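K.L.:
File follows, data.pdb with PDB, C-alpha atoms, pLDDT in the B column:
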ATOM      1  CA  MET A   1      66.471 -20.990  -2.264  1.00 77.00           C
ATOM      2  CA  GLN A   2      64.630 -23.038   0.368  1.00 91.00           C
ATOM      3  CA  MET A   3      63.682 -19.803   2.141  1.00 94.00           C
ATOM      4  CA  PHE A   4      61.429 -18.969  -0.824  1.00 97.00           C
ATOM      5  CA  ASP A   5      59.795 -22.417  -0.955  1.00 98.00           C
ATOM      6  CA  LEU A   6      56.079 -22.250  -0.118  1.00 98.00           C
ATOM      7  CA  THR A   7      55.389 -25.983  -0.335  1.00 98.00           C
ATOM      8  CA  GLY A   8      52.710 -26.983   2.160  1.00 97.00           C
ATOM      9  CA  LYS A   9      51.420 -23.411   2.545  1.00 98.00           C
ATOM     10  CA  VAL A  10      47.939 -22.151   1.704  1.00 98.00           C
ATOM     11  CA  ALA A  11      47.530 -18.664   0.251  1.00 99.00           C
ATOM     12  CA  VAL A  12      44.288 -16.683   0.118  1.00 99.00           C
ATOM     13  CA  VAL A  13      44.343 -14.211  -2.793  1.00 98.00           C
ATOM     14  CA  THR A  14      41.505 -11.740  -3.316  1.00 98.00           C
ATOM     15  CA  GLY A  15      40.600 -10.223  -6.665  1.00 98.00           C
ATOM     16  CA  ALA A  16      42.089 -13.298  -8.311  1.00 98.00           C
ATOM     17  CA  SER A  17      39.896 -13.629 -11.409  1.00 97.00           C
ATOM     18  CA  LYS A  18      42.349 -11.746 -13.647  1.00 96.00           C
ATOM     19  CA  GLY A  19      45.116  -9.140 -13.720  1.00 97.00           C
ATOM     20  CA  LEU A  20      47.394  -8.677 -10.726  1.00 98.00           C
ATOM     21  CA  GLY A  21      45.491 -11.082  -8.488  1.00 98.00           C
ATOM     22  CA  GLN A  22      45.615 -13.868 -11.037  1.00 98.00           C
ATOM     23  CA  ALA A  23      49.332 -13.341 -11.656  1.00 98.00           C
ATOM     24  CA  MET A  24      50.142 -13.388  -7.930  1.00 98.00           C
ATOM     25  CA  ALA A  25      48.013 -16.493  -7.330  1.00 98.00           C
ATOM     26  CA  VAL A  26      49.845 -18.349 -10.091  1.00 98.00           C
ATOM     27  CA  ALA A  27      53.243 -17.158  -8.817  1.00 98.00           C
ATOM     28  CA  LEU A  28      52.478 -18.393  -5.300  1.00 98.00           C
ATOM     29  CA  ALA A  29      51.307 -21.720  -6.721  1.00 98.00           C
ATOM     30  CA  LYS A  30      54.533 -22.092  -8.708  1.00 98.00           C
ATOM     31  CA  ALA A  31      56.394 -21.538  -5.416  1.00 98.00           C
ATOM     32  CA  GLY A  32      54.440 -24.434  -3.886  1.00 98.00           C
ATOM     33  CA  ALA A  33      51.344 -22.928  -2.241  1.00 98.00           C
ATOM     34  CA  ASP A  34      47.774 -24.151  -2.612  1.00 98.00           C
ATOM     35  CA  ILE A  35      45.456 -21.285  -3.553  1.00 99.00           C
ATOM     36  CA  ALA A  36      42.109 -20.104  -2.181  1.00 98.00           C
ATOM     37  CA  ALA A  37      41.023 -17.459  -4.664  1.00 98.00           C
ATOM     38  CA  VAL A  38      38.346 -14.848  -3.967  1.00 98.00           C
ATOM     39  CA  ALA A  39      36.475 -12.731  -6.503  1.00 98.00           C
ATOM     40  CA  ARG A  40      33.003 -11.608  -7.527  1.00 96.00           C
ATOM     41  CA  SER A  41      33.212 -13.334 -10.914  1.00 95.00           C
ATOM     42  CA  SER A  42      34.315 -16.671 -12.317  1.00 96.00           C
ATOM     43  CA  MET A  43      37.910 -17.676 -11.690  1.00 98.00           C
ATOM     44  CA  ARG A  44      37.981 -20.600 -14.100  1.00 98.00           C
ATOM     45  CA  GLU A  45      41.011 -19.276 -16.004  1.00 98.00           C
ATOM     46  CA  THR A  46      42.943 -18.774 -12.767  1.00 98.00           C
ATOM     47  CA  GLU A  47      41.956 -22.257 -11.628  1.00 98.00           C
ATOM     48  CA  LEU A  48      43.329 -23.826 -14.808  1.00 98.00           C
ATOM     49  CA  LEU A  49      46.612 -21.917 -14.470  1.00 98.00           C
ATOM     50  CA  VAL A  50      47.009 -22.912 -10.804  1.00 98.00           C
ATOM     51  CA  ASN A  51      46.089 -26.547 -11.456  1.00 98.00           C
ATOM     52  CA  ALA A  52      48.734 -26.633 -14.202  1.00 98.00           C
ATOM     53  CA  THR A  53      51.350 -26.094 -11.475  1.00 98.00           C
ATOM     54  CA  GLY A  54      50.059 -29.133  -9.595  1.00 98.00           C
ATOM     55  CA  ARG A  55      48.597 -27.151  -6.715  1.00 98.00           C
ATOM     56  CA  ASP A  56      45.083 -27.284  -5.252  1.00 98.00           C
ATOM     57  CA  PHE A  57      42.614 -24.494  -5.989  1.00 98.00           C
ATOM     58  CA  LEU A  58      39.546 -23.316  -4.076  1.00 98.00           C
ATOM     59  CA  ALA A  59      37.279 -20.727  -5.717  1.00 98.00           C
ATOM     60  CA  ILE A  60      35.225 -18.462  -3.449  1.00 98.00           C
ATOM     61  CA  GLU A  61      32.847 -16.219  -5.361  1.00 98.00           C
ATOM     62  CA  THR A  62      31.601 -13.432  -3.103  1.00 97.00           C
ATOM     63  CA  ASP A  63      31.364  -9.645  -2.858  1.00 97.00           C
ATOM     64  CA  LEU A  64      34.069  -8.541  -0.437  1.00 97.00           C
ATOM     65  CA  ALA A  65      32.407  -5.135  -0.093  1.00 95.00           C
ATOM     66  CA  GLU A  66      29.780  -6.848   2.069  1.00 93.00           C
ATOM     67  CA  HIS A  67      30.875  -6.832   5.713  1.00 88.00           C
ATOM     68  CA  SER A  68      29.874 -10.477   6.227  1.00 95.00           C
ATOM     69  CA  ALA A  69      32.257 -11.570   3.441  1.00 97.00           C
ATOM     70  CA  ALA A  70      35.361 -11.549   5.656  1.00 98.00           C
ATOM     71  CA  GLN A  71      33.875 -14.170   7.973  1.00 97.00           C
ATOM     72  CA  GLU A  72      32.458 -16.131   5.030  1.00 97.00           C
ATOM     73  CA  VAL A  73      35.823 -16.297   3.252  1.00 98.00           C
ATOM     74  CA  THR A  74      37.674 -17.327   6.415  1.00 98.00           C
ATOM     75  CA  ASP A  75      35.127 -20.032   7.242  1.00 98.00           C
ATOM     76  CA  ARG A  76      35.192 -21.489   3.736  1.00 98.00           C
ATOM     77  CA  VAL A  77      38.983 -21.561   3.619  1.00 98.00           C
ATOM     78  CA  LEU A  78      39.199 -23.243   7.017  1.00 98.00           C
ATOM     79  CA  ASN A  79      36.499 -25.753   6.096  1.00 98.00           C
ATOM     80  CA  HIS A  80      38.476 -26.749   2.992  1.00 98.00           C
ATOM     81  CA  TYR A  81      42.078 -26.550   4.203  1.00 98.00           C
ATOM     82  CA  SER A  82      41.725 -26.435   8.028  1.00 97.00           C
ATOM     83  CA  SER A  83      44.283 -23.603   8.089  1.00 97.00           C
ATOM     84  CA  PHE A  84      46.029 -21.055   5.884  1.00 98.00           C
ATOM     85  CA  ASP A  85      49.309 -19.165   5.980  1.00 98.00           C
ATOM     86  CA  ILE A  86      49.222 -16.227   3.565  1.00 99.00           C
ATOM     87  CA  LEU A  87      46.657 -13.523   2.809  1.00 99.00           C
ATOM     88  CA  VAL A  88      47.059 -11.295  -0.249  1.00 99.00           C
ATOM     89  CA  ASN A  89      44.592  -8.397  -0.113  1.00 98.00           C
ATOM     90  CA  ASN A  90      44.466  -7.461  -3.780  1.00 98.00           C
ATOM     91  CA  ALA A  91      40.752  -6.875  -4.524  1.00 98.00           C
ATOM     92  CA  GLY A  92      40.107  -3.282  -5.481  1.00 96.00           C
ATOM     93  CA  MET A  93      38.262  -0.891  -7.738  1.00 96.00           C
ATOM     94  CA  ILE A  94      38.555   2.655  -9.044  1.00 95.00           C
ATOM     95  CA  ARG A  95      35.947   5.303  -9.872  1.00 96.00           C
ATOM     96  CA  ARG A  96      36.921   8.367 -11.904  1.00 94.00           C
ATOM     97  CA  GLN A  97      35.147  11.710 -11.452  1.00 96.00           C
ATOM     98  CA  ASP A  98      36.247  15.294 -10.792  1.00 98.00           C
ATOM     99  CA  ALA A  99      36.603  15.946  -7.067  1.00 98.00           C
ATOM    100  CA  LEU A 100      34.059  18.788  -7.281  1.00 98.00           C
ATOM    101  CA  ASP A 101      31.442  16.373  -8.583  1.00 98.00           C
ATOM    102  CA  PHE A 102      32.491  13.147  -6.856  1.00 98.00           C
ATOM    103  CA  SER A 103      29.451  11.260  -5.555  1.00 98.00           C
ATOM    104  CA  GLU A 104      28.935   9.624  -2.201  1.00 98.00           C
ATOM    105  CA  ASP A 105      28.162   6.336  -3.964  1.00 98.00           C
ATOM    106  CA  ASN A 106      31.528   6.443  -5.754  1.00 98.00           C
ATOM    107  CA  TRP A 107      33.264   7.278  -2.482  1.00 98.00           C
ATOM    108  CA  ASP A 108      31.637   4.484  -0.481  1.00 98.00           C
ATOM    109  CA  ALA A 109      31.974   1.792  -3.151  1.00 98.00           C
ATOM    110  CA  VAL A 110      35.722   2.287  -3.448  1.00 98.00           C
ATOM    111  CA  MET A 111      36.436   2.718   0.256  1.00 98.00           C
ATOM    112  CA  ASP A 112      34.339  -0.317   1.235  1.00 98.00           C
ATOM    113  CA  LEU A 113      36.206  -2.641  -1.111  1.00 98.00           C
ATOM    114  CA  ASN A 114      39.714  -1.176  -1.171  1.00 98.00           C
ATOM    115  CA  LEU A 115      40.154  -0.417   2.520  1.00 98.00           C
ATOM    116  CA  LYS A 116      37.329  -1.642   4.748  1.00 98.00           C
ATOM    117  CA  SER A 117      37.263  -5.195   3.383  1.00 98.00           C
ATOM    118  CA  LEU A 118      41.075  -5.345   3.489  1.00 98.00           C
ATOM    119  CA  PHE A 119      41.130  -4.535   7.200  1.00 98.00           C
ATOM    120  CA  PHE A 120      38.370  -6.902   8.271  1.00 98.00           C
ATOM    121  CA  LEU A 121      39.722  -9.815   6.244  1.00 98.00           C
ATOM    122  CA  SER A 122      43.150  -9.163   7.778  1.00 98.00           C
ATOM    123  CA  GLN A 123      41.508  -9.094  11.206  1.00 98.00           C
ATOM    124  CA  GLN A 124      39.917 -12.500  10.595  1.00 98.00           C
ATOM    125  CA  ALA A 125      43.241 -13.929   9.444  1.00 98.00           C
ATOM    126  CA  ALA A 126      45.104 -12.560  12.456  1.00 98.00           C
ATOM    127  CA  ARG A 127      42.472 -13.880  14.859  1.00 98.00           C
ATOM    128  CA  HIS A 128      42.829 -17.361  13.368  1.00 98.00           C
ATOM    129  CA  TRP A 129      46.627 -17.330  13.493  1.00 98.00           C
ATOM    130  CA  ILE A 130      46.779 -16.014  17.051  1.00 98.00           C
ATOM    131  CA  ALA A 131      44.218 -18.564  18.280  1.00 98.00           C
ATOM    132  CA  ALA A 132      46.138 -21.330  16.519  1.00 97.00           C
ATOM    133  CA  GLU A 133      49.431 -20.001  17.936  1.00 97.00           C
ATOM    134  CA  LYS A 134      50.996 -19.868  14.491  1.00 96.00           C
ATOM    135  CA  GLY A 135      52.368 -17.044  12.412  1.00 97.00           C
ATOM    136  CA  GLY A 136      51.157 -15.732   9.085  1.00 98.00           C
ATOM    137  CA  ARG A 137      51.852 -13.368   6.207  1.00 98.00           C
ATOM    138  CA  ILE A 138      49.589 -10.507   5.143  1.00 99.00           C
ATOM    139  CA  ILE A 139      50.428  -8.727   1.888  1.00 99.00           C
ATOM    140  CA  ASN A 140      48.341  -5.679   1.004  1.00 99.00           C
ATOM    141  CA  ILE A 141      48.296  -4.207  -2.493  1.00 98.00           C
ATOM    142  CA  ALA A 142      48.920  -0.472  -2.343  1.00 98.00           C
ATOM    143  CA  SER A 143      49.475   1.865  -5.311  1.00 97.00           C
ATOM    144  CA  MET A 144      51.510   4.763  -6.648  1.00 96.00           C
ATOM    145  CA  LEU A 145      48.552   6.818  -5.372  1.00 97.00           C
ATOM    146  CA  SER A 146      49.446   5.709  -1.865  1.00 98.00           C
ATOM    147  CA  TYR A 147      52.235   8.285  -2.285  1.00 97.00           C
ATOM    148  CA  GLN A 148      50.754  10.796  -4.725  1.00 96.00           C
ATOM    149  CA  GLY A 149      47.515  12.691  -5.209  1.00 97.00           C
ATOM    150  CA  GLY A 150      46.389  11.624  -8.636  1.00 94.00           C
ATOM    151  CA  ILE A 151      43.698  13.232 -10.783  1.00 92.00           C
ATOM    152  CA  ARG A 152      39.942  12.544 -10.700  1.00 95.00           C
ATOM    153  CA  VAL A 153      40.273   9.587  -8.289  1.00 96.00           C
ATOM    154  CA  PRO A 154      39.729  11.020  -4.770  1.00 98.00           C
ATOM    155  CA  SER A 155      38.317   7.866  -3.164  1.00 98.00           C
ATOM    156  CA  TYR A 156      40.951   5.632  -4.760  1.00 98.00           C
ATOM    157  CA  THR A 157      43.750   7.901  -3.545  1.00 98.00           C
ATOM    158  CA  ALA A 158      42.237   8.019  -0.051  1.00 98.00           C
ATOM    159  CA  SER A 159      41.803   4.243   0.064  1.00 98.00           C
ATOM    160  CA  LYS A 160      45.320   3.458  -1.147  1.00 98.00           C
ATOM    161  CA  SER A 161      46.852   6.005   1.231  1.00 98.00           C
ATOM    162  CA  GLY A 162      44.890   4.222   3.944  1.00 98.00           C
ATOM    163  CA  VAL A 163      46.328   0.879   2.865  1.00 98.00           C
ATOM    164  CA  LEU A 164      49.813   2.103   3.791  1.00 98.00           C
ATOM    165  CA  GLY A 165      48.609   3.362   7.139  1.00 98.00           C
ATOM    166  CA  ILE A 166      46.749   0.205   8.105  1.00 98.00           C
ATOM    167  CA  THR A 167      49.679  -1.928   6.920  1.00 98.00           C
ATOM    168  CA  ARG A 168      51.988  -0.151   9.347  1.00 98.00           C
ATOM    169  CA  GLN A 169      49.433  -0.139  12.174  1.00 98.00           C
ATOM    170  CA  CYS A 170      48.673  -3.862  11.972  1.00 98.00           C
ATOM    171  CA  ALA A 171      52.377  -4.664  11.630  1.00 98.00           C
ATOM    172  CA  CYS A 172      53.027  -2.881  14.914  1.00 98.00           C
ATOM    173  CA  GLU A 173      50.288  -4.786  16.758  1.00 98.00           C
ATOM    174  CA  TRP A 174      50.756  -8.248  15.295  1.00 98.00           C
ATOM    175  CA  ALA A 175      54.527  -8.583  14.894  1.00 98.00           C
ATOM    176  CA  LYS A 176      54.754 -10.087  18.400  1.00 98.00           C
ATOM    177  CA  HIS A 177      52.528 -12.921  17.163  1.00 98.00           C
ATOM    178  CA  ASN A 178      54.891 -13.749  14.269  1.00 98.00           C
ATOM    179  CA  ILE A 179      52.491 -12.182  11.791  1.00 98.00           C
ATOM    180  CA  THR A 180      54.123  -9.989   9.170  1.00 98.00           C
ATOM    181  CA  VAL A 181      52.094  -7.253   7.483  1.00 99.00           C
ATOM    182  CA  ASN A 182      53.579  -5.597   4.412  1.00 99.00           C
ATOM    183  CA  ALA A 183      52.466  -4.051   1.138  1.00 99.00           C
ATOM    184  CA  ILE A 184      53.375  -4.063  -2.527  1.00 98.00           C
ATOM    185  CA  ALA A 185      52.872  -0.806  -4.425  1.00 98.00           C
ATOM    186  CA  PRO A 186      52.513  -1.614  -8.117  1.00 98.00           C
ATOM    187  CA  GLY A 187      53.390   1.085 -10.594  1.00 97.00           C
ATOM    188  CA  TYR A 188      51.352   1.759 -13.696  1.00 96.00           C
ATOM    189  CA  MET A 189      50.369  -1.767 -14.697  1.00 97.00           C
ATOM    190  CA  ARG A 190      48.648  -3.104 -17.783  1.00 95.00           C
ATOM    191  CA  THR A 191      45.286  -4.042 -16.190  1.00 92.00           C
ATOM    192  CA  ASP A 192      41.606  -3.221 -16.638  1.00 89.00           C
ATOM    193  CA  ASN A 193      41.921  -0.414 -14.066  1.00 84.00           C
ATOM    194  CA  THR A 194      44.371   1.446 -16.302  1.00 90.00           C
ATOM    195  CA  ALA A 195      42.644   0.795 -19.625  1.00 91.00           C
ATOM    196  CA  ALA A 196      41.227   4.330 -19.782  1.00 88.00           C
ATOM    197  CA  LEU A 197      44.673   5.833 -19.235  1.00 89.00           C
ATOM    198  CA  ARG A 198      46.344   3.651 -21.843  1.00 94.00           C
ATOM    199  CA  GLU A 199      43.639   4.470 -24.383  1.00 94.00           C
ATOM    200  CA  ASP A 200      44.136   8.217 -23.832  1.00 94.00           C
ATOM    201  CA  GLY A 201      47.033   9.053 -26.153  1.00 95.00           C
ATOM    202  CA  GLN A 202      48.178  12.115 -24.229  1.00 95.00           C
ATOM    203  CA  ARG A 203      48.001  10.528 -20.750  1.00 92.00           C
ATOM    204  CA  ASN A 204      49.638   7.341 -22.015  1.00 96.00           C
ATOM    205  CA  ALA A 205      52.567   9.328 -23.420  1.00 96.00           C
ATOM    206  CA  GLU A 206      52.892  11.412 -20.223  1.00 95.00           C
ATOM    207  CA  ILE A 207      52.973   8.316 -18.041  1.00 95.00           C
ATOM    208  CA  LEU A 208      55.490   6.440 -20.193  1.00 96.00           C
ATOM    209  CA  ALA A 209      57.740   9.512 -20.287  1.00 96.00           C
ATOM    210  CA  ARG A 210      57.989   9.431 -16.497  1.00 96.00           C
ATOM    211  CA  ILE A 211      58.705   5.681 -16.121  1.00 98.00           C
ATOM    212  CA  PRO A 212      62.484   5.083 -16.309  1.00 98.00           C
ATOM    213  CA  ALA A 213      61.892   1.510 -17.473  1.00 98.00           C
ATOM    214  CA  GLY A 214      60.039   2.954 -20.472  1.00 97.00           C
ATOM    215  CA  ARG A 215      57.068   0.588 -20.361  1.00 97.00           C
ATOM    216  CA  TRP A 216      53.864  -0.216 -18.491  1.00 98.00           C
ATOM    217  CA  GLY A 217      54.245  -2.922 -15.889  1.00 98.00           C
ATOM    218  CA  GLU A 218      52.864  -6.391 -16.498  1.00 97.00           C
ATOM    219  CA  PRO A 219      51.042  -8.427 -13.824  1.00 97.00           C
ATOM    220  CA  ASP A 220      53.856 -11.005 -13.842  1.00 97.00           C
ATOM    221  CA  ASP A 221      56.247  -8.273 -12.665  1.00 98.00           C
ATOM    222  CA  LEU A 222      54.776  -8.742  -9.159  1.00 98.00           C
ATOM    223  CA  ALA A 223      55.671 -12.437  -8.952  1.00 98.00           C
ATOM    224  CA  ALA A 224      59.020 -12.161  -7.179  1.00 97.00           C
ATOM    225  CA  ALA A 225      57.790  -9.486  -4.755  1.00 98.00           C
ATOM    226  CA  VAL A 226      54.772 -11.474  -3.582  1.00 98.00           C
ATOM    227  CA  ILE A 227      56.789 -14.691  -3.197  1.00 98.00           C
ATOM    228  CA  PHE A 228      59.442 -12.851  -1.175  1.00 98.00           C
ATOM    229  CA  LEU A 229      56.963 -11.241   1.229  1.00 98.00           C
ATOM    230  CA  ALA A 230      55.077 -14.530   1.619  1.00 98.00           C
ATOM    231  CA  SER A 231      58.203 -16.550   2.353  1.00 98.00           C
ATOM    232  CA  ASP A 232      60.520 -17.203   5.285  1.00 97.00           C
ATOM    233  CA  ALA A 233      63.006 -14.854   3.634  1.00 97.00           C
ATOM    234  CA  ALA A 234      60.816 -11.935   4.801  1.00 98.00           C
ATOM    235  CA  CYS A 235      60.280 -13.112   8.385  1.00 97.00           C
ATOM    236  CA  TYR A 236      61.883  -9.934   9.794  1.00 98.00           C
ATOM    237  CA  VAL A 237      60.310  -7.520   7.301  1.00 98.00           C
ATOM    238  CA  GLN A 238      57.481  -5.550   8.881  1.00 98.00           C
ATOM    239  CA  GLY A 239      55.290  -2.626   7.852  1.00 98.00           C
ATOM    240  CA  VAL A 240      57.042  -1.850   4.578  1.00 98.00           C
ATOM    241  CA  SER A 241      55.677  -0.993   1.164  1.00 98.00           C
ATOM    242  CA  LEU A 242      57.712  -2.398  -1.720  1.00 98.00           C
ATOM    243  CA  PRO A 243      57.258  -0.390  -4.927  1.00 98.00           C
ATOM    244  CA  VAL A 244      57.308  -2.408  -8.136  1.00 98.00           C
ATOM    245  CA  ASP A 245      57.068   0.561 -10.456  1.00 98.00           C
ATOM    246  CA  GLY A 246      59.804   0.571 -13.091  1.00 98.00           C
ATOM    247  CA  GLY A 247      61.416   3.497 -11.241  1.00 98.00           C
ATOM    248  CA  TRP A 248      58.349   5.816 -11.194  1.00 97.00           C
ATOM    249  CA  LEU A 249      58.864   6.995  -7.595  1.00 97.00           C
ATOM    250  CA  ALA A 250      62.595   7.463  -8.118  1.00 96.00           C
ATOM    251  CA  ARG A 251      62.054   9.887 -11.006  1.00 93.00           C
TER     252      ARG A 251
END
Kindly present the structure from the file in structure tokens form.
P.N.:
Amino acid sequence: MQMFDLTGKVAVVTGASKGLGQAMAVALAKAGADIAAVARSSMRETELLVNATGRDFLAIETDLAEHSAAQEVTDRVLNHYSSFDILVNNAGMIRRQDALDFSEDNWDAVMDLNLKSLFFLSQQAARHWIAAEKGGRIINIASMLSYQGGIRVPSYTASKSGVLGITRQCACEWAKHNITVNAIAPGYMRTDNTAALREDGQRNAEILARIPAGRWGEPDDLAAAVIFLASDAACYVQGVSLPVDGGWLAR
């Protein structure tokens, strides 16, 4: 089990105020990593959960959709820890509107956060690791809509399809530097992003009927996947997307 031990590592987790990001931050802390958490809102609850594991916690409140945020986050992490080892690009948003009526504002807001910020934060991480002549782990959070079209979410589908592409592209370029770049594709999870679907009786029933596991996923279901991809056990895993979906894609 030593291959999964993250003691002495520092993990940067974006979108860590609640939901999937919070669950992954706590899982990484339980595996031994100190946590630098990034979000637009307070992360006090996440901080308490991480501190309960005995690990250090750094809160960085910023808007990742701003281009300058990638440099800001990297600088603040390095000022506090001097280095870091793991980057989990989880921050994301969704806007729902028929494709015929979808606005440019809805398009740009989602693409800037879900895809653009993910790439430039990954770029900053890779630059640091290459300059320091050390390896690193990048874990991007994809989606079932990385594989499927979806309904009324054109910018979300485009952004999450892009996450798979940029995961593979960066893996190809950075593998020679001992940097692994992989993704986790959560299935239909019980988070704020899916609240509208779960509250719609018909859509909720349709979704549950397709999931072989027969239930919505919980944020804690991602714990083992994120620890694996962050650990030495995944040192030869590159450019993959690991679905954690209760069997949705197998159906």
K.L.:
If I put a ball of radius 9 Å at (41.3, 8.3, -3.8) in the file's coordinates, which residues poke into it when counting all atoms listed in the file, written as a ChimeraX atom specification?
P.N.:
/A:94-95,107,110-111,145-146,149-161
K.L.:
Pick out the closest residue to Val181 (chain A) from this set: A:Asn193, A:Val237, A:Ala131, A:Ile207. Count only C-alpha atoms.
P.N.:
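Answer, going by the shortest atom-to-atom distance: A:Val237.
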K.L.:
If the PyMOL selection byres ((chain A and resi 31) around 7) were run on this exact file, what residues would it hold? Put them as a ChimeraX atom specification.
P.N.:
/A:5-7,27-30,32-33
K.L.:
Can you pull out the residues contacting Asp220 (chain A)? Cut-off 9 Å, using all atoms listed in the file, and skip same-chain residues under 2 positions away; I want them as number ranges by chain.
P.N.:
A: 19-20, 23-24, 27, 217-218, 222-224
K.L.:
Just how far from CA of Asp245 (chain A) is CA of Pro186 (chain A), in Å to one decimal?
P.N.:
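Computing the Euclidean distance for CA of Pro186 (chain A) and CA of Asp245 (chain A) yields 5.6 Å.
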K.L.:
Run the PyMOL selection byres ((chain A and resi 174) around 12) on the file and write out the hits as a PDB file with C-alpha atoms, keeping the file's coordinate frame.
P.N.:
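Now in part.pdb:
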ATOM      1  CA  SER A 122      43.150  -9.163   7.778  1.00 98.00           C
ATOM      2  CA  GLN A 123      41.508  -9.094  11.206  1.00 98.00           C
ATOM      3  CA  ALA A 125      43.241 -13.929   9.444  1.00 98.00           C
ATOM      4  CA  ALA A 126      45.104 -12.560  12.456  1.00 98.00           C
ATOM      5  CA  ARG A 127      42.472 -13.880  14.859  1.00 98.00           C
ATOM      6  CA  TRP A 129      46.627 -17.330  13.493  1.00 98.00           C
ATOM      7  CA  ILE A 130      46.779 -16.014  17.051  1.00 98.00           C
ATOM      8  CA  LYS A 134      50.996 -19.868  14.491  1.00 96.00           C
ATOM      9  CA  GLY A 135      52.368 -17.044  12.412  1.00 97.00           C
ATOM     10  CA  GLY A 136      51.157 -15.732   9.085  1.00 98.00           C
ATOM     11  CA  ARG A 137      51.852 -13.368   6.207  1.00 98.00           C
ATOM     12  CA  ILE A 138      49.589 -10.507   5.143  1.00 99.00           C
ATOM     13  CA  ILE A 166      46.749   0.205   8.105  1.00 98.00           C
ATOM     14  CA  THR A 167      49.679  -1.928   6.920  1.00 98.00           C
ATOM     15  CA  ARG A 168      51.988  -0.151   9.347  1.00 98.00           C
ATOM     16  CA  GLN A 169      49.433  -0.139  12.174  1.00 98.00           C
ATOM     17  CA  CYS A 170      48.673  -3.862  11.972  1.00 98.00           C
ATOM     18  CA  ALA A 171      52.377  -4.664  11.630  1.00 98.00           C
ATOM     19  CA  CYS A 172      53.027  -2.881  14.914  1.00 98.00           C
ATOM     20  CA  GLU A 173      50.288  -4.786  16.758  1.00 98.00           C
ATOM     21  CA  ALA A 175      54.527  -8.583  14.894  1.00 98.00           C
ATOM     22  CA  LYS A 176      54.754 -10.087  18.400  1.00 98.00           C
ATOM     23  CA  HIS A 177      52.528 -12.921  17.163  1.00 98.00           C
ATOM     24  CA  ASN A 178      54.891 -13.749  14.269  1.00 98.00           C
ATOM     25  CA  ILE A 179      52.491 -12.182  11.791  1.00 98.00           C
ATOM     26  CA  THR A 180      54.123  -9.989   9.170  1.00 98.00           C
ATOM     27  CA  VAL A 181      52.094  -7.253   7.483  1.00 99.00           C
ATOM     28  CA  ASN A 182      53.579  -5.597   4.412  1.00 99.00           C
ATOM     29  CA  GLN A 238      57.481  -5.550   8.881  1.00 98.00           C
ATOM     30  CA  GLY A 239      55.290  -2.626   7.852  1.00 98.00           C
TER      31      GLY A 239
END
K.L.:
Calculated over all atoms listed in the file, which of the candidates A:Ser83, A:Thr14, A:Thr53, A:Ser103 has the smallest distance to Ile141 (chain A)?
P.N.:
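Result for the nearest residue to Ile141 (chain A): A:Thr14.
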K.L.:
Tell me which residues the PyMOL selection byres ((chain A and resi 211) around 9) grabs here, as a compact mmCIF listing (two decimals) with C-alpha atoms, keeping the file's coordinate frame.
P.N.:
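selection.txt, written as the output of this step:
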# COMPACT_ATOMS: atom_id res chain seq x y z
CA GLY A 187 53.39 1.08 -10.59
CA TYR A 188 51.35 1.76 -13.70
CA ILE A 207 52.97 8.32 -18.04
CA LEU A 208 55.49 6.44 -20.19
CA ALA A 209 57.74 9.51 -20.29
CA ARG A 210 57.99 9.43 -16.50
CA PRO A 212 62.48 5.08 -16.31
CA ALA A 213 61.89 1.51 -17.47
CA GLY A 214 60.04 2.95 -20.47
CA ARG A 215 57.07 0.59 -20.36
CA TRP A 216 53.86 -0.22 -18.49
CA ASP A 245 57.07 0.56 -10.46
CA GLY A 246 59.80 0.57 -13.09
CA GLY A 247 61.42 3.50 -11.24
CA TRP A 248 58.35 5.82 -11.19
CA LEU A 249 58.86 7.00 -7.60
CA ARG A 251 62.05 9.89 -11.01
K.L.:
Distance CA of Glu206 (chain A)-CA of Asp101 (chain A), one decimal place?
P.N.:
24.9 Å
K.L.:
Closest to Gly162 (chain A) among A:Arg96, A:Lys116, A:Arg44, A:Arg55, using only C-alpha atoms?
P.N.:
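Among A:Arg96, A:Lys116, A:Arg44, A:Arg55, it is A:Lys116 that comes nearest to Gly162 (chain A).
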K.L.:
Taking only C-alpha atoms into account, which of A:Leu58, A:Val73, A:Ala230, A:Val240 comes nearest Leu164 (chain A)?
P.N.:
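Of A:Leu58, A:Val73, A:Ala230, A:Val240, the one nearest Leu164 (chain A), counting only C-alpha atoms, is A:Val240.
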K.L.:
Please check which residues have atoms at most 12 Å from (45.8, -12.9, -6.8) in the file's coordinates, counting only C-alpha atoms, and write them as a VMD selection string.
P.N.:
chain A and resid 11 to 29 35 to 39 43 46 to 47 49 to 50 59 86 to 92 139 to 141 219 to 220 222 to 223 226 to 227
K.L.:
Under the rule that all atoms listed in the file are counted, which of A:Gly54, A:Pro243, A:Gly8, A:Gly201 is the nearest residue to Ala225 (chain A)?
P.N.:
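For Ala225 (chain A), the nearest of the candidates is A:Pro243.
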K.L.:
Grab the CA of Ser143 (chain A) to CA of Arg198 (chain A) distance for me, in Å with one decimal place.
P.N.:
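Between these atoms lies a distance of 16.9 Å.
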K.L.:
For Ser117 (chain A), which residue among A:Ala65, A:Val163, A:Ala99, A:Ala205 is the nearest when counting all atoms listed in the file?
P.N.:
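Of all the options, A:Ala65 lies closest to Ser117 (chain A).
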K.L.:
Skipping near chain neighbours, those fewer than 3 positions away, what residues fall within 6 Å of Arg40 (chain A) using all atoms listed in the file, listed as a count of residues only?
P.N.:
3
